[in-house]
Each structure stands twice: as structure tokens, then as C-alpha cells.
Amino acid sequence: MDEPTASSPSEKPTFNNPTSNPSGRPTSNEPTSSSPSNEPTDFPLSSEPSQSPSSASSPPSEQPSHEPVTDSPTMQPTKQPTKSPTQRPSTTSPSKWPTKQPTQRPSTPYPTSSPTDQPSCDADYQDFNLCFAIDMSGSVCNQGTPFLCEGCEPELICNDIGVDKDTCCANFFDVVEFAKLMVKTFESIPSDQSYSIVGFATDAAWTSDITTSSIETLNALDELTYSGGMTNHADAMTTCRGSLLSSSSSGGGSGEDDRKNLILLITDGDPTEPKGSPRVDAEEAAAEAKAEGVFIIPVMIVPQIATAGLNPETVAYLEEISSDGSVFEVTDLVLCVAYRNAWWHSCHARSDKT
């Protein structure tokens with residue numbers, strides 16, 4: 001019997017279990033290569049990072065690798081501007097020159113819930129007497145017709161639906177509300193005020209004597225009864241002037257000679273009385289009042305049904321009787337604007353003669 005031929009033994013014994021197919025060279029626990037590979041291994045060779053970066057690492061990128069981790073800007077500026085504005089201004093003090101574009105944020109941290117009731121006013125508040133000259137002529141309520149609306153007749157033309165006959169129409173209601181709003185606003189001004197009311201149409205009627213009580217003035221305005229008729233500006237300003245000057249001579253209401261006297265002439269336009277030259281008479285009455293130091297503020301009633309703008313001739317006439325050439329409007333849309341502007345005038349009116 002032939003004996004099996006034994007293969008030649010390996011140079012070194014294997015440390016592990018023999019493989020099913022023995023290799024031609026012995027295995028060992030030593031690394032199979034003498035130099036490190038150029039490609040990274042799948043897993044780190046050590047649990048701790050190296051003390052210095054490897055020579056094969058690439059240079060740092062010019063752009064950040066991820067979004068900033070802070071919600072607020074850093075103390076030092078970035079090399080490139082951000083795509084969106086930062087949450088805080090970049091400077092601690094205002095710049096010397098204004099920016100070309102408006103800032104994206106308001107100057108106050110939170111918006112106000114509503115606009116302020118009054119404009120700001122830097123004037124030194126002065127005590128004053130104010131006469132309301134309120135137009136109650138037919139053109140206020142006649143919807144552009146020739147009717148004089150005396151006694152709010154004819155009702156079909158003059159009396160608006162839902163408005164009582166004492167008030168007659170929505171336009172006259174707006175006029176009264178405007179005057180009441182003025183009185184309520186002046187209550188908050190740190191000065192002494194007195195009021196009188198003159199209602200006018202064909203003639204002027206001294207409706208309320210001069211009084212320092214805003215409550216009495218508001219009640220008198222509520223009690224106004226629309227009359228209808230023609231429009232007499234001259235008589236209105238003369239009567240108002242008398243009520244204002246009587247307060248100084250009699251001591252009623254003011255008791256002080258240095259109070260400013262104001263006339264707020266609230267009208268729907270041109271005068272039609274007295275016959276002949278109603279505008280000339282009104283301009284002369286205004287000049288006499290101004291010579292006495294009375295400041296005149298015309299305010300236009302624009303009917304709600306009006307489609308055309310103000311008559312340029314009417315505006316020029318009212319500018320002539322105005323103390324400073326200003327004319328304001330009262331409508332359902334610009335009521336607050338007119339009130340604001342008239343209030344501004346009362347703030348800046350001075351005791352100098354005009």
C-alpha cells in the first residue's frame with residue numbers, strides 16, 4: 001500500500017483555524033502593507049482625534065457650510081452681507097445722513113392701536129374765546145334745488161329720511177357734530193376757553209351767550225333748530241364779533257383782555273344776503289373783525305350729494321375773509337381732517353393783531 005504524500009509544512013504555523021482552502025503563504029497578525037493607503041478607511045483607526053490636521057486635508061471653504069447658529073448679529077461684521085436684514089440695527093447711534101431707502105422697521109417697538117385723536121402741537125397754549133357761526137340756510141339741506149327749506153319744508157326735498165325736522169338733513173347734523181367735536185377737543189387743552197354760538201341764515205341769531213362751560217355749549221348745540229332761508233355772512237361775523245368783544249368789556253366768560261378771539265365760520269359757500277353786494281359786505285365785516293384782533297377760520301360744508309369740486313370763486317372769496325388765507329372742508333369723509341386743521345390753527349393763533 002502506498003503511503004500518502006505529505007505536503008511541505010508552512011514556514012510559520014497559523015494562529016487561526018485552518019481555512020478550507022489553504023493559502024500559498026502563511027497568514028499573520030501583521031498588517032499586509034508597509035505604507036498607509038491614500039484613501040480613508042471606513043472607520044476611524046483611533047477613538048481620539050489627532051492633535052493636528054492631516055497633510056492631506058483641503059483648505060477651508062470661502063462660504064459657510066451651514067446657516068448661522070445665532071439669532072442675533074455677532075459683534076464683528078461678517079465678510080459678506082447677509083441676504084436678509086438683521087434683527088437689530090448695525091449702529092448704536094443714528095447715522096449723520098439719512099439712508100437712501102426707508103428702514104424696514106418702525107421707530108416704535110409696537111404699533112399704536114389707533115391714530116391719535118389730536119395732532120401734536122408745539123405752540124404755547126393761549127386762553128381764547130371762540131364763536132361758532134353756524135350756517136342754517138336753505139342751501140344746506142335743499143339738495144341743490146332753489147327751495148329755501150324754511151321750517152324744513154318741503155319735507156320731500158329738505159327733510160332726509162331718518163332725520164328729525166329740527167335737524168332737517170344729514171348735512172346740518174354733520175355741522176353740529178363738527179362743532180361738538182371741537183368743543184370736546186378743546187376741553188383737553190391746558191388753557192381757559194369761552195364759547196358762544198351764532199346761528200345764521202337770512203339773518204343772524206345770537207343762539208348762546210359767551211360761557212366758560214363746555215357742557216352748556218354742548219347742550220346749546222344739541223338744541224339748535226334748523227331754520228332755512230338765505231345766507232348772510234356779514235351779519236354772522238358782525239354778531240360773532242359782538243359776542244366776543246362783549247365778554248371783555250363786561251368781564252363775562254374771560255375776564256382777561258389778552259385772550260385770543262376766534263370765529264369759526266361754518267358755511268356752505270357764497271353769501272346771498274344782504275341784497276346788492278353780499279360778498280363785499282361780508283369782506284368788510286371780516287376786515288372790521290380782524291382789525292379788532294379776531295382770528296377768522298372759514299370751514300366749508302360740502303353737501304354729501306355734491307359731485308363737482310369747490311367753486312374756485314367761492315374758495316377765493318373765503319380765502320379773502322380768512323385771517324391767514326386757509327379754507328377747510330367738512331364732509332362725511334373729511335370731517336376729521338377739517339377738525340384737525342382747525343384745531344391746529346387754534347394752537348398756533350397768537351395774540352398779535354392780524
# chains A, B, ... in the order shown; residues from 1 in each chain; ligands from 1
>>> residues_around(residues="Ser194 of chain A", least_positions_apart="6", cutoff="10 Å", atoms="only C-alpha atoms", output="NGL selection string")
:A and (127-131 or 183 or 209-214 or 217 or 244 or 247 or 252-254 or 259 or 261)
>>> select_by_dssp(residues="segment 157-322 of chain A", states="strand (DSSP E or B)", output="PyMOL selection string")
chain A and resi 193-200+204-211+260-267+294-301
>>> atom_distance(atom1="atom CA of Leu181 of chain A", atom2="atom CA of Glu292 of chain A")
27.3 Å
>>> residues_around(residues="segment 138-153 of chain A", least_positions_apart="6", cutoff="8 Å", atoms="only C-alpha atoms", output="list in words")
Asn159, Lys165, Asp166, Cys168, Cys169, Ala170, Asn171, Phe172, Ala201, Tyr226, Ser227, Gly228, Gly229, Met230, Asp268, Ile301, Pro303 and Ile305 of chain A
>>> write_last_selection(atoms="N, CA, C and O atoms", output="JSON list (two decimals), in the first residue's frame")
[["chain", "number", "residue", "atom", "x", "y", "z"],
["A", 159, "ASN", "N", -86.12, 117.39, 4.07],
["A", 159, "ASN", "CA", -86.02, 116.51, 5.23],
["A", 159, "ASN", "C", -85.51, 115.13, 4.83],
["A", 159, "ASN", "O", -86.18, 114.38, 4.13],
["A", 165, "LYS", "N", -87.14, 116.84, 12.06],
["A", 165, "LYS", "CA", -87.29, 118.12, 11.37],
["A", 165, "LYS", "C", -86.50, 119.23, 12.02],
["A", 165, "LYS", "O", -86.14, 120.22, 11.36],
["A", 166, "ASP", "N", -86.22, 119.13, 13.31],
["A", 166, "ASP", "CA", -85.40, 120.16, 13.97],
["A", 166, "ASP", "C", -83.98, 120.18, 13.40],
["A", 166, "ASP", "O", -83.36, 121.22, 13.30],
["A", 168, "CYS", "N", -83.35, 118.42, 10.35],
["A", 168, "CYS", "CA", -83.77, 118.51, 8.96],
["A", 168, "CYS", "C", -82.98, 117.59, 8.02],
["A", 168, "CYS", "O", -83.58, 116.81, 7.30],
["A", 169, "CYS", "N", -81.66, 117.69, 7.98],
["A", 169, "CYS", "CA", -80.91, 116.90, 6.99],
["A", 169, "CYS", "C", -79.57, 116.44, 7.56],
["A", 169, "CYS", "O", -79.09, 116.96, 8.58],
["A", 170, "ALA", "N", -78.96, 115.47, 6.88],
["A", 170, "ALA", "CA", -77.69, 114.91, 7.34],
["A", 170, "ALA", "C", -76.56, 115.94, 7.30],
["A", 170, "ALA", "O", -75.66, 115.91, 8.14],
["A", 171, "ASN", "N", -76.60, 116.86, 6.33],
["A", 171, "ASN", "CA", -75.55, 117.88, 6.26],
["A", 171, "ASN", "C", -75.53, 118.76, 7.50],
["A", 171, "ASN", "O", -74.47, 119.05, 8.06],
["A", 172, "PHE", "N", -76.71, 119.20, 7.93],
["A", 172, "PHE", "CA", -76.76, 120.04, 9.13],
["A", 172, "PHE", "C", -76.37, 119.25, 10.37],
["A", 172, "PHE", "O", -75.73, 119.78, 11.28],
["A", 201, "ALA", "N", -78.91, 132.55, 8.89],
["A", 201, "ALA", "CA", -79.48, 132.24, 7.59],
["A", 201, "ALA", "C", -79.73, 133.60, 6.92],
["A", 201, "ALA", "O", -78.77, 134.29, 6.59],
["A", 226, "TYR", "N", -82.80, 123.86, 13.00],
["A", 226, "TYR", "CA", -82.54, 124.32, 11.63],
["A", 226, "TYR", "C", -83.65, 125.27, 11.18],
["A", 226, "TYR", "O", -84.84, 125.00, 11.38],
["A", 227, "SER", "N", -83.26, 126.38, 10.54],
["A", 227, "SER", "CA", -84.24, 127.39, 10.15],
["A", 227, "SER", "C", -84.51, 127.44, 8.66],
["A", 227, "SER", "O", -85.65, 127.60, 8.23],
["A", 228, "GLY", "N", -83.45, 127.30, 7.84],
["A", 228, "GLY", "CA", -83.61, 127.52, 6.41],
["A", 228, "GLY", "C", -83.63, 129.01, 6.11],
["A", 228, "GLY", "O", -83.75, 129.85, 7.01],
["A", 229, "GLY", "N", -83.50, 129.37, 4.83],
["A", 229, "GLY", "CA", -83.52, 130.77, 4.44],
["A", 229, "GLY", "C", -82.32, 131.12, 3.56],
["A", 229, "GLY", "O", -81.67, 130.25, 2.98],
["A", 230, "MET", "N", -81.99, 132.40, 3.50],
["A", 230, "MET", "CA", -80.87, 132.89, 2.72],
["A", 230, "MET", "C", -79.57, 132.77, 3.53],
["A", 230, "MET", "O", -79.57, 132.25, 4.66],
["A", 268, "ASP", "N", -71.89, 126.83, 3.78],
["A", 268, "ASP", "CA", -71.91, 126.01, 2.57],
["A", 268, "ASP", "C", -71.45, 126.77, 1.34],
["A", 268, "ASP", "O", -71.51, 126.23, 0.22],
["A", 301, "ILE", "N", -68.97, 123.63, 4.24],
["A", 301, "ILE", "CA", -69.86, 122.46, 4.25],
["A", 301, "ILE", "C", -70.02, 122.01, 2.80],
["A", 301, "ILE", "O", -70.51, 122.77, 1.97],
["A", 303, "PRO", "N", -72.00, 119.51, 0.51],
["A", 303, "PRO", "CA", -73.12, 118.56, 0.56],
["A", 303, "PRO", "C", -72.68, 117.16, 0.16],
["A", 303, "PRO", "O", -71.86, 116.99, -0.74],
["A", 305, "ILE", "N", -74.20, 115.01, -1.51],
["A", 305, "ILE", "CA", -74.60, 114.63, -2.87],
["A", 305, "ILE", "C", -73.77, 115.36, -3.91],
["A", 305, "ILE", "O", -73.94, 115.11, -5.11]]
>>> closest_residue(among="A:Leu156, A:Leu224, A:Ala287, A:Val280", to="Lys180 of chain A", atoms="only C-alpha atoms")
A:Leu224
>>> closest_residue(among="A:Gln80, A:Ser326, A:Thr267, A:Thr202", to="Asp135 of chain A", atoms="only C-alpha atoms")
A:Thr267
